[in-house]
Amino acid sequence: METSIYTVVAFYGLALTILGAATLVVFARNIVHSVLFLALTFIAMAGLFLTLDADFIAAVQVLVYAGAVCIMVVFGIMLIQRADMKATNLFNRQLFTGGGVVALVVALCAVFAGRTAWAEMVAAEAVPEGTVQFIGALLMSKYVIPFEVAALLLLVALIGAIVLARDEEVKADAGD
Amino acid sequence: MLENLFVGVADWLRSLLGGLGTPVEINEAIVMLVKLVAILVFILLNAAWLVYMERKVAAYMQARIGPNRVGPKGLLQPFADVGKLICKEIVIPRKADIVVFLLAPVLIFVPTVMVFAVIPFGKNMAAIDMNIGVFYLLAITSLSTLFLWMGGWASNSKYSLIGSMRVVAQMVSYELPLVLGLLGVIMIVGSLRMSDIIAAQEHVWFIFTQPIAFLIYFTAAVAETNRCPFDLVEGESEIISGPYTEYAGMAFAMFFMAEYANIMVICAMATIMFLGGWHAPFGLDFIPSWIWFFLKMYALIFIVMQLRWTYPRIRVDQLMGFGWKVLVPLALANIFITGVGMKIYQAIGW
């Protein structure tokens, strides 16, 4: 890992962008703005991966999260359009439930952060330039079962989507 | 001399800066900045002249003359157009989401410019030779969907909304066959680095070993740039101008130029992946590598323009059906056959 002054400056800049944009995702009243801030959060996180020399993961972050997940949210927004977009991302009154969940998440993160031996996780030797081959080899050997399970899950989701879409079509035909 | 023209300029700049006694880091940063600015100027000039080329090609195909008044053969027409567009007012609709509305035309150029940083225009002529070059390009270009949608949504008009829905649906659908088409080549090369892919085509271009992949890629790429016959997004006769309907003046011009810059990206990409990049065919090495690259790229751009004036626009349902039921299965079959073929090839041990 690099610890030059540029990396430190980049880290704090990116961290501020991520926190600011993520806060705005929650507090923006217009859900369209929320999505755009979400995309900004994802892109800034890709930047964080870049400072760790993980360029492949950074590209995946941009492609999958900023390029695909945000677009999926966009699909959702366009399908449930409201007349007034200014009040689409509102707050509810469940203050205590929400506070409890947040406290639990923060506590969990704190516990795991405290139990991780950070000093041992910093790689002693330089990061290899091409990580794609290693990631590919690991996915097909050591992590082949999680990989296949994820593939199966995606297949199920795909088939489920097709079934749902078909059902609509049949109903529409029956209604004619 | 001509072969190493641009590499020579970079070296000259480096030695010039080295004489000034500034730190090496700053010198490299300046050289990189000069490279990127040169690419930026190149893109903008090209985008302007590609509009001229489009009009000339259209005129040629319709037995007209085309723009011929401004400058010799009308060559200065793009500058007259740009001058006119700069002078025009950028009309903002009353119900538009102003910030998003104005951000979209600014951001639309960002992915395109970022992508050009990794494209090798000639031997040793990539600004950055990234080890995940192809993947970087695909990741960055996937962002332009979001920016087009921003423009269409923020306009708050019916036509823009329908246009932006079409943008999202079309670009997401066609990204899949595009990536799957490229996978065949990447499997053979075993690397995502652009220079490795070009080096692998020194003897045989991949258009001959992967012809189906080339056709899939090119079709999907034309759809990705929203060009005819896949220009449903703009579909003048149906939805006026799609996401750009409410834009006027330079804001519209930004979208328009981004479209042409994107055509350059896909054609440059096709050149790199399938047409041997900057390699000279038939051993015609005396012509510099970057001239070969541009010849191939502009030939492809000409084909893209010719397509527009040759084929009618397809329907929305045909578009989705064609993408998902024809291109995607074909691309998957191509990957399968490539994998089997590679193993057989290894087993025979040629």
# chains A, B, ... in the order shown; residues from 1 in each chain; ligands from 1

call {"tool": "closest_atom_pairs", "arguments": {"of": "chain B", "to": "chain A", "cutoff": "9 Å", "atoms": "only C-alpha atoms", "output": "CSV"}}
result
residue,atom,partner,partner_atom,distance
B:Val100,CA,A:His33,CA,8.3
B:Asn131,CA,A:Gly130,CA,6.3
B:Ile132,CA,A:Phe56,CA,6.7
B:Phe135,CA,A:Ala59,CA,7.0
B:Tyr136,CA,A:Ala59,CA,5.7
B:Leu137,CA,A:Ala59,CA,8.9
B:Leu138,CA,A:Leu63,CA,7.4
B:Ala139,CA,A:Leu63,CA,4.3
B:Ile140,CA,A:Val62,CA,7.0
B:Thr141,CA,A:Gly67,CA,8.6
B:Ser142,CA,A:Gly67,CA,5.2
B:Leu143,CA,A:Gly67,CA,5.3
B:Ser144,CA,A:Gly67,CA,8.5
B:Thr145,CA,A:Gly67,CA,7.8
B:Leu146,CA,A:Ile71,CA,6.9
B:Trp149,CA,A:Val74,CA,8.7
B:Met150,CA,A:Leu36,CA,8.5
B:Trp153,CA,A:Val32,CA,8.8
B:Leu161,CA,A:Met78,CA,8.8
B:Met165,CA,A:Met78,CA,7.5
B:Val168,CA,A:Ile71,CA,7.2
B:Ala169,CA,A:Phe75,CA,8.5
B:Val172,CA,A:Ala68,CA,8.0
B:Gly190,CA,A:Gln133,CA,8.7
B:Ser191,CA,A:Gln133,CA,8.4
B:Leu192,CA,A:Val132,CA,8.6

call {"tool": "residues_around", "arguments": {"residues": "Tyr52 (chain B)", "least_positions_apart": "5", "cutoff": "8 Å", "atoms": "only C-alpha atoms", "output": "JSON list (two decimals) with N, CA, C and O atoms, in the first residue's frame"}}
result
[["chain", "number", "residue", "atom", "x", "y", "z"],
["B", 67, "PRO", "N", -23.20, 20.60, -47.53],
["B", 67, "PRO", "CA", -22.67, 21.93, -47.20],
["B", 67, "PRO", "C", -21.47, 22.27, -48.08],
["B", 67, "PRO", "O", -20.52, 21.49, -48.16],
["B", 75, "LEU", "N", -15.72, 23.15, -45.74],
["B", 75, "LEU", "CA", -14.98, 22.54, -44.62],
["B", 75, "LEU", "C", -15.09, 23.33, -43.32],
["B", 75, "LEU", "O", -14.88, 22.78, -42.25],
["B", 77, "GLN", "N", -17.81, 24.69, -42.27],
["B", 77, "GLN", "CA", -19.19, 24.64, -41.82],
["B", 77, "GLN", "C", -19.34, 24.33, -40.33],
["B", 77, "GLN", "O", -20.11, 25.00, -39.63],
["B", 78, "PRO", "N", -18.61, 23.31, -39.79],
["B", 78, "PRO", "CA", -18.77, 23.00, -38.36],
["B", 78, "PRO", "C", -18.52, 24.20, -37.47],
["B", 78, "PRO", "O", -19.21, 24.39, -36.47]]

call {"tool": "residues_around", "arguments": {"residues": "Leu33 (chain B)", "least_positions_apart": "3", "cutoff": "12 Å", "atoms": "only C-alpha atoms", "output": "MDAnalysis selection string"}}
result
chainID B and resid 10 13 26:30 36:40 117 127:128

call {"tool": "atom_distance", "arguments": {"atom1": "CA of Glu175 (chain B)", "atom2": "CA of Val134 (chain B)"}}
result
13.7 Å

call {"tool": "closest_residue", "arguments": {"among": "B:Met32, B:Ala104, B:Ser173, B:Val91", "to": "Asp11 (chain B)", "atoms": "only C-alpha atoms"}}
result
B:Met32

call {"tool": "residues_around", "arguments": {"residues": "Ala126 (chain B)", "least_positions_apart": "2", "cutoff": "12 Å", "atoms": "only C-alpha atoms", "output": "compact mmCIF listing (two decimals) with all heavy atoms, in the first residue's frame"}}
result
# COMPACT_ATOMS: atom_id res chain seq x y z
N PHE B 6 4.60 11.40 -32.70
CA PHE B 6 3.99 11.80 -31.43
C PHE B 6 4.81 11.34 -30.24
O PHE B 6 4.95 12.06 -29.26
CB PHE B 6 2.56 11.27 -31.35
CG PHE B 6 1.67 11.89 -32.38
CD1 PHE B 6 1.41 11.24 -33.57
CD2 PHE B 6 1.12 13.14 -32.17
CE1 PHE B 6 0.60 11.82 -34.53
CE2 PHE B 6 0.32 13.73 -33.12
CZ PHE B 6 0.06 13.08 -34.30
N VAL B 7 5.39 10.12 -30.36
CA VAL B 7 6.27 9.64 -29.31
C VAL B 7 7.47 10.58 -29.18
O VAL B 7 7.91 10.93 -28.10
CB VAL B 7 6.73 8.20 -29.61
CG1 VAL B 7 7.61 7.68 -28.49
CG2 VAL B 7 5.53 7.29 -29.79
N ALA B 10 6.59 13.72 -27.33
CA ALA B 10 6.53 13.48 -25.89
C ALA B 10 7.94 13.42 -25.30
O ALA B 10 8.21 14.03 -24.25
CB ALA B 10 5.78 12.18 -25.61
N MET B 32 1.79 14.21 -19.00
CA MET B 32 0.49 13.54 -19.02
C MET B 32 -0.61 14.55 -19.34
O MET B 32 -1.51 14.28 -20.14
CB MET B 32 0.25 12.89 -17.66
CG MET B 32 -0.99 12.04 -17.57
SD MET B 32 -1.07 10.78 -18.84
CE MET B 32 0.07 9.60 -18.18
N LYS B 35 -0.61 15.35 -22.96
CA LYS B 35 -1.20 14.24 -23.72
C LYS B 35 -2.73 14.32 -23.66
O LYS B 35 -3.41 14.21 -24.68
CB LYS B 35 -0.77 12.90 -23.10
CG LYS B 35 0.59 12.40 -23.51
CD LYS B 35 0.79 11.05 -22.89
CE LYS B 35 2.21 10.56 -23.03
NZ LYS B 35 2.43 9.32 -22.30
N LEU B 36 -3.25 14.53 -22.45
CA LEU B 36 -4.70 14.51 -22.30
C LEU B 36 -5.34 15.71 -22.99
O LEU B 36 -6.39 15.59 -23.61
CB LEU B 36 -5.08 14.46 -20.81
CG LEU B 36 -4.67 13.16 -20.13
CD1 LEU B 36 -5.09 13.16 -18.67
CD2 LEU B 36 -5.27 11.95 -20.81
N ILE B 39 -5.49 15.00 -26.62
CA ILE B 39 -6.59 14.09 -26.95
C ILE B 39 -7.91 14.83 -26.93
O ILE B 39 -8.76 14.66 -27.80
CB ILE B 39 -6.60 12.90 -25.96
CG1 ILE B 39 -5.39 12.02 -26.20
CG2 ILE B 39 -7.86 12.09 -26.12
CD1 ILE B 39 -5.24 10.93 -25.18
N VAL B 115 -12.52 7.70 -21.55
CA VAL B 115 -12.24 6.48 -22.30
C VAL B 115 -11.06 6.66 -23.24
O VAL B 115 -10.23 5.77 -23.40
CB VAL B 115 -13.52 6.08 -23.06
CG1 VAL B 115 -13.20 5.22 -24.24
CG2 VAL B 115 -14.48 5.39 -22.14
N PHE B 116 -10.95 7.86 -23.84
CA PHE B 116 -9.90 8.07 -24.82
C PHE B 116 -8.50 7.97 -24.22
O PHE B 116 -7.53 7.80 -24.95
CB PHE B 116 -10.07 9.42 -25.51
CG PHE B 116 -10.95 9.34 -26.71
CD1 PHE B 116 -12.27 9.69 -26.64
CD2 PHE B 116 -10.44 8.88 -27.91
CE1 PHE B 116 -13.09 9.58 -27.74
CE2 PHE B 116 -11.25 8.79 -29.01
CZ PHE B 116 -12.59 9.13 -28.93
N ALA B 117 -8.40 8.08 -22.89
CA ALA B 117 -7.08 8.01 -22.26
C ALA B 117 -6.42 6.66 -22.48
O ALA B 117 -5.19 6.57 -22.48
CB ALA B 117 -7.21 8.29 -20.77
N VAL B 118 -7.19 5.58 -22.66
CA VAL B 118 -6.57 4.26 -22.77
C VAL B 118 -6.48 3.75 -24.20
O VAL B 118 -5.97 2.67 -24.44
CB VAL B 118 -7.32 3.20 -21.93
CG1 VAL B 118 -7.23 3.52 -20.47
CG2 VAL B 118 -8.75 3.05 -22.38
N ILE B 119 -6.99 4.53 -25.17
CA ILE B 119 -7.00 4.03 -26.54
C ILE B 119 -5.63 4.23 -27.19
O ILE B 119 -5.14 5.35 -27.25
CB ILE B 119 -8.11 4.72 -27.35
CG1 ILE B 119 -9.46 4.19 -26.87
CG2 ILE B 119 -7.94 4.47 -28.84
CD1 ILE B 119 -10.63 4.81 -27.54
N PRO B 120 -4.98 3.16 -27.65
CA PRO B 120 -3.69 3.31 -28.33
C PRO B 120 -3.91 3.72 -29.78
O PRO B 120 -4.40 2.95 -30.58
CB PRO B 120 -3.06 1.92 -28.22
CG PRO B 120 -4.19 0.99 -27.95
CD PRO B 120 -5.40 1.75 -27.55
N PHE B 121 -3.50 4.94 -30.11
CA PHE B 121 -3.71 5.44 -31.47
C PHE B 121 -2.62 4.96 -32.41
O PHE B 121 -2.73 5.11 -33.62
CB PHE B 121 -3.75 6.97 -31.46
CG PHE B 121 -4.95 7.52 -30.77
CD1 PHE B 121 -4.86 8.02 -29.50
CD2 PHE B 121 -6.17 7.54 -31.40
CE1 PHE B 121 -5.97 8.53 -28.85
CE2 PHE B 121 -7.28 8.04 -30.77
CZ PHE B 121 -7.18 8.54 -29.49
N GLY B 122 -1.53 4.45 -31.87
CA GLY B 122 -0.44 3.96 -32.71
C GLY B 122 0.54 3.21 -31.84
O GLY B 122 0.29 2.99 -30.66
N LYS B 123 1.65 2.81 -32.43
CA LYS B 123 2.66 2.08 -31.65
C LYS B 123 3.12 2.95 -30.49
O LYS B 123 3.53 4.09 -30.70
CB LYS B 123 3.84 1.74 -32.58
CG LYS B 123 4.59 0.49 -32.15
CD LYS B 123 5.74 0.24 -33.08
CE LYS B 123 5.35 -0.69 -34.22
NZ LYS B 123 6.44 -0.91 -35.16
N ASN B 124 3.01 2.46 -29.27
CA ASN B 124 3.38 3.20 -28.04
C ASN B 124 2.65 4.53 -27.94
O ASN B 124 3.19 5.49 -27.43
CB ASN B 124 4.89 3.49 -28.00
CG ASN B 124 5.69 2.23 -28.14
OD1 ASN B 124 5.28 1.19 -27.64
ND2 ASN B 124 6.80 2.32 -28.84
N ILE B 128 -2.34 6.16 -21.47
CA ILE B 128 -2.15 5.27 -20.34
C ILE B 128 -2.41 3.85 -20.84
O ILE B 128 -3.47 3.58 -21.39
CB ILE B 128 -3.15 5.57 -19.19
CG1 ILE B 128 -3.04 7.03 -18.78
CG2 ILE B 128 -2.91 4.66 -18.01
CD1 ILE B 128 -4.26 7.54 -18.06
N ASP B 129 -1.44 2.95 -20.67
CA ASP B 129 -1.65 1.55 -21.08
C ASP B 129 -2.04 0.76 -19.85
O ASP B 129 -1.20 0.18 -19.17
CB ASP B 129 -0.39 1.00 -21.73
CG ASP B 129 -0.68 -0.32 -22.43
OD1 ASP B 129 -1.87 -0.60 -22.66
OD2 ASP B 129 0.27 -1.04 -22.73
N MET B 130 -3.33 0.74 -19.55
CA MET B 130 -3.81 0.13 -18.32
C MET B 130 -3.90 -1.38 -18.48
O MET B 130 -4.23 -1.86 -19.56
CB MET B 130 -5.18 0.72 -18.00
CG MET B 130 -5.48 0.84 -16.54
SD MET B 130 -7.13 1.46 -16.35
CE MET B 130 -6.87 3.20 -16.44
N GLY B 133 -7.41 -2.37 -19.49
CA GLY B 133 -7.89 -1.38 -20.47
C GLY B 133 -9.30 -1.60 -20.99
O GLY B 133 -10.13 -0.70 -20.90
N ARG B 193 -5.39 -6.02 -21.47
CA ARG B 193 -4.56 -4.88 -21.83
C ARG B 193 -4.65 -4.65 -23.33
O ARG B 193 -4.47 -5.57 -24.12
CB ARG B 193 -3.12 -5.16 -21.42
CG ARG B 193 -2.19 -3.98 -21.50
CD ARG B 193 -0.78 -4.42 -21.30
NE ARG B 193 -0.47 -4.75 -19.92
CZ ARG B 193 -0.06 -3.85 -19.02
NH1 ARG B 193 0.12 -2.61 -19.38
NH2 ARG B 193 0.20 -4.20 -17.80
N MET B 194 -4.90 -3.41 -23.73
CA MET B 194 -5.10 -3.12 -25.16
C MET B 194 -3.85 -3.46 -25.98
O MET B 194 -3.96 -3.98 -27.09
CB MET B 194 -5.42 -1.64 -25.33
CG MET B 194 -6.67 -1.25 -24.60
SD MET B 194 -7.92 -0.72 -25.72
CE MET B 194 -9.20 -0.19 -24.65
N SER B 195 -2.68 -3.14 -25.44
CA SER B 195 -1.47 -3.39 -26.23
C SER B 195 -1.26 -4.89 -26.44
O SER B 195 -0.77 -5.31 -27.49
CB SER B 195 -0.26 -2.77 -25.55
OG SER B 195 -0.15 -3.22 -24.23
N ILE B 198 -3.63 -5.96 -29.24
CA ILE B 198 -3.13 -5.57 -30.56
C ILE B 198 -1.93 -6.44 -30.95
O ILE B 198 -1.83 -6.88 -32.10
CB ILE B 198 -2.77 -4.07 -30.57
CG1 ILE B 198 -4.04 -3.25 -30.41
CG2 ILE B 198 -2.06 -3.69 -31.85
CD1 ILE B 198 -3.82 -1.80 -30.24
N ILE B 272 -9.34 -1.75 -32.58
CA ILE B 272 -8.37 -2.37 -31.67
C ILE B 272 -8.67 -3.86 -31.50
O ILE B 272 -7.77 -4.70 -31.55
CB ILE B 272 -8.41 -1.67 -30.30
CG1 ILE B 272 -7.90 -0.25 -30.42
CG2 ILE B 272 -7.59 -2.44 -29.26
CD1 ILE B 272 -8.30 0.62 -29.28
N GLY B 277 -5.78 -3.10 -34.68
CA GLY B 277 -5.28 -1.84 -34.13
C GLY B 277 -4.41 -1.09 -35.12
O GLY B 277 -4.83 -0.85 -36.25
N TRP B 278 -3.17 -0.78 -34.70
CA TRP B 278 -2.31 0.01 -35.57
C TRP B 278 -1.43 -0.85 -36.47
O TRP B 278 -0.54 -0.33 -37.14
CB TRP B 278 -1.45 0.96 -34.75
CG TRP B 278 -0.92 0.38 -33.49
CD1 TRP B 278 -1.42 0.59 -32.24
CD2 TRP B 278 0.19 -0.50 -33.33
NE1 TRP B 278 -0.69 -0.09 -31.32
CE2 TRP B 278 0.31 -0.77 -31.95
CE3 TRP B 278 1.11 -1.08 -34.21
CZ2 TRP B 278 1.29 -1.61 -31.45
CZ3 TRP B 278 2.08 -1.92 -33.70
CH2 TRP B 278 2.15 -2.16 -32.34
N TRP B 290 0.04 5.09 -36.78
CA TRP B 290 -1.15 5.86 -36.39
C TRP B 290 -2.01 6.21 -37.58
O TRP B 290 -3.23 6.34 -37.47
CB TRP B 290 -0.78 7.10 -35.58
CG TRP B 290 0.31 7.95 -36.17
CD1 TRP B 290 1.65 7.77 -36.02
CD2 TRP B 290 0.15 9.09 -36.99
NE1 TRP B 290 2.33 8.73 -36.68
CE2 TRP B 290 1.44 9.57 -37.30
CE3 TRP B 290 -0.95 9.78 -37.50
CZ2 TRP B 290 1.66 10.69 -38.08
CZ3 TRP B 290 -0.73 10.90 -38.29
CH2 TRP B 290 0.56 11.34 -38.57

call {"tool": "residues_around", "arguments": {"residues": "Leu48 (chain A)", "least_positions_apart": "3", "cutoff": "10 Å", "atoms": "only C-alpha atoms", "output": "VMD selection string"}}
result
chain A and resid 7 10 to 15 18 42 to 45 51 to 55 58

call {"tool": "write_last_selection", "arguments": {"atoms": "all heavy atoms", "output": "compact mmCIF listing (two decimals), in the first residue's frame"}}
result
# COMPACT_ATOMS: atom_id res chain seq x y z
N THR A 7 -1.76 10.08 -1.79
CA THR A 7 -2.75 9.07 -1.41
C THR A 7 -3.56 9.54 -0.21
O THR A 7 -4.78 9.35 -0.17
CB THR A 7 -2.04 7.76 -1.05
OG1 THR A 7 -0.97 7.57 -1.94
CG2 THR A 7 -2.98 6.59 -1.13
N ALA A 10 -5.96 12.16 -1.36
CA ALA A 10 -7.03 11.52 -2.15
C ALA A 10 -7.99 10.79 -1.22
O ALA A 10 -9.21 10.87 -1.38
CB ALA A 10 -6.42 10.55 -3.16
N PHE A 11 -7.43 10.11 -0.21
CA PHE A 11 -8.30 9.35 0.70
C PHE A 11 -9.28 10.26 1.41
O PHE A 11 -10.48 10.00 1.43
CB PHE A 11 -7.46 8.58 1.72
CG PHE A 11 -8.32 7.92 2.78
CD1 PHE A 11 -9.00 6.76 2.50
CD2 PHE A 11 -8.47 8.51 4.02
CE1 PHE A 11 -9.82 6.17 3.45
CE2 PHE A 11 -9.29 7.92 4.98
CZ PHE A 11 -9.95 6.75 4.68
N TYR A 12 -8.76 11.37 1.97
CA TYR A 12 -9.68 12.23 2.72
C TYR A 12 -10.68 12.91 1.80
O TYR A 12 -11.86 13.05 2.16
CB TYR A 12 -8.89 13.24 3.55
CG TYR A 12 -8.35 12.59 4.81
CD1 TYR A 12 -7.01 12.27 4.94
CD2 TYR A 12 -9.21 12.23 5.83
CE1 TYR A 12 -6.53 11.63 6.07
CE2 TYR A 12 -8.75 11.60 6.96
CZ TYR A 12 -7.41 11.30 7.08
OH TYR A 12 -6.96 10.66 8.18
N GLY A 13 -10.22 13.31 0.60
CA GLY A 13 -11.16 13.89 -0.35
C GLY A 13 -12.28 12.93 -0.70
O GLY A 13 -13.47 13.28 -0.65
N LEU A 14 -11.90 11.68 -1.00
CA LEU A 14 -12.90 10.68 -1.38
C LEU A 14 -13.80 10.34 -0.20
O LEU A 14 -15.02 10.20 -0.36
CB LEU A 14 -12.19 9.41 -1.89
CG LEU A 14 -11.54 9.54 -3.25
CD1 LEU A 14 -10.64 8.37 -3.52
CD2 LEU A 14 -12.61 9.63 -4.32
N ALA A 15 -13.20 10.23 0.99
CA ALA A 15 -14.01 9.87 2.16
C ALA A 15 -15.05 10.95 2.42
O ALA A 15 -16.22 10.64 2.67
CB ALA A 15 -13.10 9.69 3.38
N ILE A 18 -17.78 10.63 -0.19
CA ILE A 18 -18.65 9.48 0.06
C ILE A 18 -19.62 9.80 1.18
O ILE A 18 -20.84 9.61 1.04
CB ILE A 18 -17.82 8.23 0.42
CG1 ILE A 18 -17.05 7.75 -0.80
CG2 ILE A 18 -18.72 7.12 0.94
CD1 ILE A 18 -16.07 6.66 -0.50
N PHE A 42 -21.04 5.72 -5.21
CA PHE A 42 -20.41 4.52 -5.77
C PHE A 42 -19.13 4.86 -6.52
O PHE A 42 -18.12 4.17 -6.39
CB PHE A 42 -21.38 3.82 -6.72
CG PHE A 42 -22.52 3.14 -6.02
CD1 PHE A 42 -23.78 3.09 -6.59
CD2 PHE A 42 -22.34 2.54 -4.77
CE1 PHE A 42 -24.83 2.47 -5.96
CE2 PHE A 42 -23.39 1.92 -4.13
CZ PHE A 42 -24.64 1.89 -4.72
N ILE A 43 -19.17 5.95 -7.29
CA ILE A 43 -17.99 6.32 -8.08
C ILE A 43 -16.85 6.71 -7.14
O ILE A 43 -15.69 6.33 -7.35
CB ILE A 43 -18.34 7.44 -9.07
CG1 ILE A 43 -19.32 6.91 -10.12
CG2 ILE A 43 -17.10 7.97 -9.75
CD1 ILE A 43 -19.94 7.96 -10.98
N ALA A 44 -17.18 7.45 -6.07
CA ALA A 44 -16.13 7.84 -5.13
C ALA A 44 -15.56 6.61 -4.44
O ALA A 44 -14.35 6.54 -4.15
CB ALA A 44 -16.70 8.81 -4.11
N MET A 45 -16.39 5.60 -4.19
CA MET A 45 -15.88 4.37 -3.59
C MET A 45 -14.93 3.65 -4.55
O MET A 45 -13.93 3.07 -4.12
CB MET A 45 -17.03 3.45 -3.19
CG MET A 45 -17.61 3.84 -1.85
SD MET A 45 -19.10 2.95 -1.49
CE MET A 45 -18.43 1.42 -0.93
N THR A 51 -7.03 3.88 -4.83
CA THR A 51 -5.91 4.23 -3.96
C THR A 51 -5.30 2.98 -3.33
O THR A 51 -4.18 3.01 -2.85
CB THR A 51 -6.35 5.18 -2.84
OG1 THR A 51 -7.31 4.52 -2.04
CG2 THR A 51 -6.91 6.47 -3.37
N LEU A 52 -6.03 1.86 -3.32
CA LEU A 52 -5.51 0.60 -2.78
C LEU A 52 -4.91 -0.27 -3.88
O LEU A 52 -4.69 -1.47 -3.67
CB LEU A 52 -6.63 -0.17 -2.07
CG LEU A 52 -7.18 0.50 -0.82
CD1 LEU A 52 -8.43 -0.22 -0.36
CD2 LEU A 52 -6.15 0.50 0.28
N ASP A 53 -4.71 0.29 -5.08
CA ASP A 53 -4.15 -0.44 -6.23
C ASP A 53 -5.07 -1.57 -6.70
O ASP A 53 -4.62 -2.49 -7.37
CB ASP A 53 -2.77 -1.05 -5.90
CG ASP A 53 -1.72 0.04 -5.85
OD1 ASP A 53 -1.95 1.07 -6.48
OD2 ASP A 53 -0.70 -0.16 -5.19
N ALA A 54 -6.33 -1.53 -6.33
CA ALA A 54 -7.26 -2.59 -6.76
C ALA A 54 -8.04 -2.06 -7.96
O ALA A 54 -9.23 -1.77 -7.85
CB ALA A 54 -8.19 -2.99 -5.62
N ASP A 55 -7.38 -1.91 -9.12
CA ASP A 55 -8.05 -1.26 -10.25
C ASP A 55 -9.17 -2.10 -10.84
O ASP A 55 -10.16 -1.55 -11.30
CB ASP A 55 -7.04 -0.83 -11.32
CG ASP A 55 -6.00 -1.89 -11.61
OD1 ASP A 55 -6.16 -2.99 -11.05
OD2 ASP A 55 -5.06 -1.64 -12.36
N ALA A 58 -12.14 -1.59 -8.72
CA ALA A 58 -12.66 -0.24 -8.95
C ALA A 58 -13.52 -0.23 -10.20
O ALA A 58 -14.62 0.34 -10.20
CB ALA A 58 -11.51 0.75 -9.08

call {"tool": "atom_distance", "arguments": {"atom1": "CA of Trp324 (chain B)", "atom2": "CA of Pro312 (chain B)"}}
result
20.3 Å

call {"tool": "atom_distance", "arguments": {"atom1": "CA of Ile337 (chain B)", "atom2": "CA of Pro211 (chain B)"}}
result
12.4 Å

call {"tool": "select_by_dssp", "arguments": {"residues": "chain A", "states": "alpha helix (DSSP H)", "output": "count of residues only"}}
result
126

call {"tool": "residues_around", "arguments": {"residues": "region 259-264 of chain B", "least_positions_apart": "2", "cutoff": "10 Å", "atoms": "only C-alpha atoms", "output": "ChimeraX atom specification"}}
result
/B:43-51,54,108-109,111-113,115-116,141,144,221-222,224-227,253-257,266-270,297-298,300-301,304-305
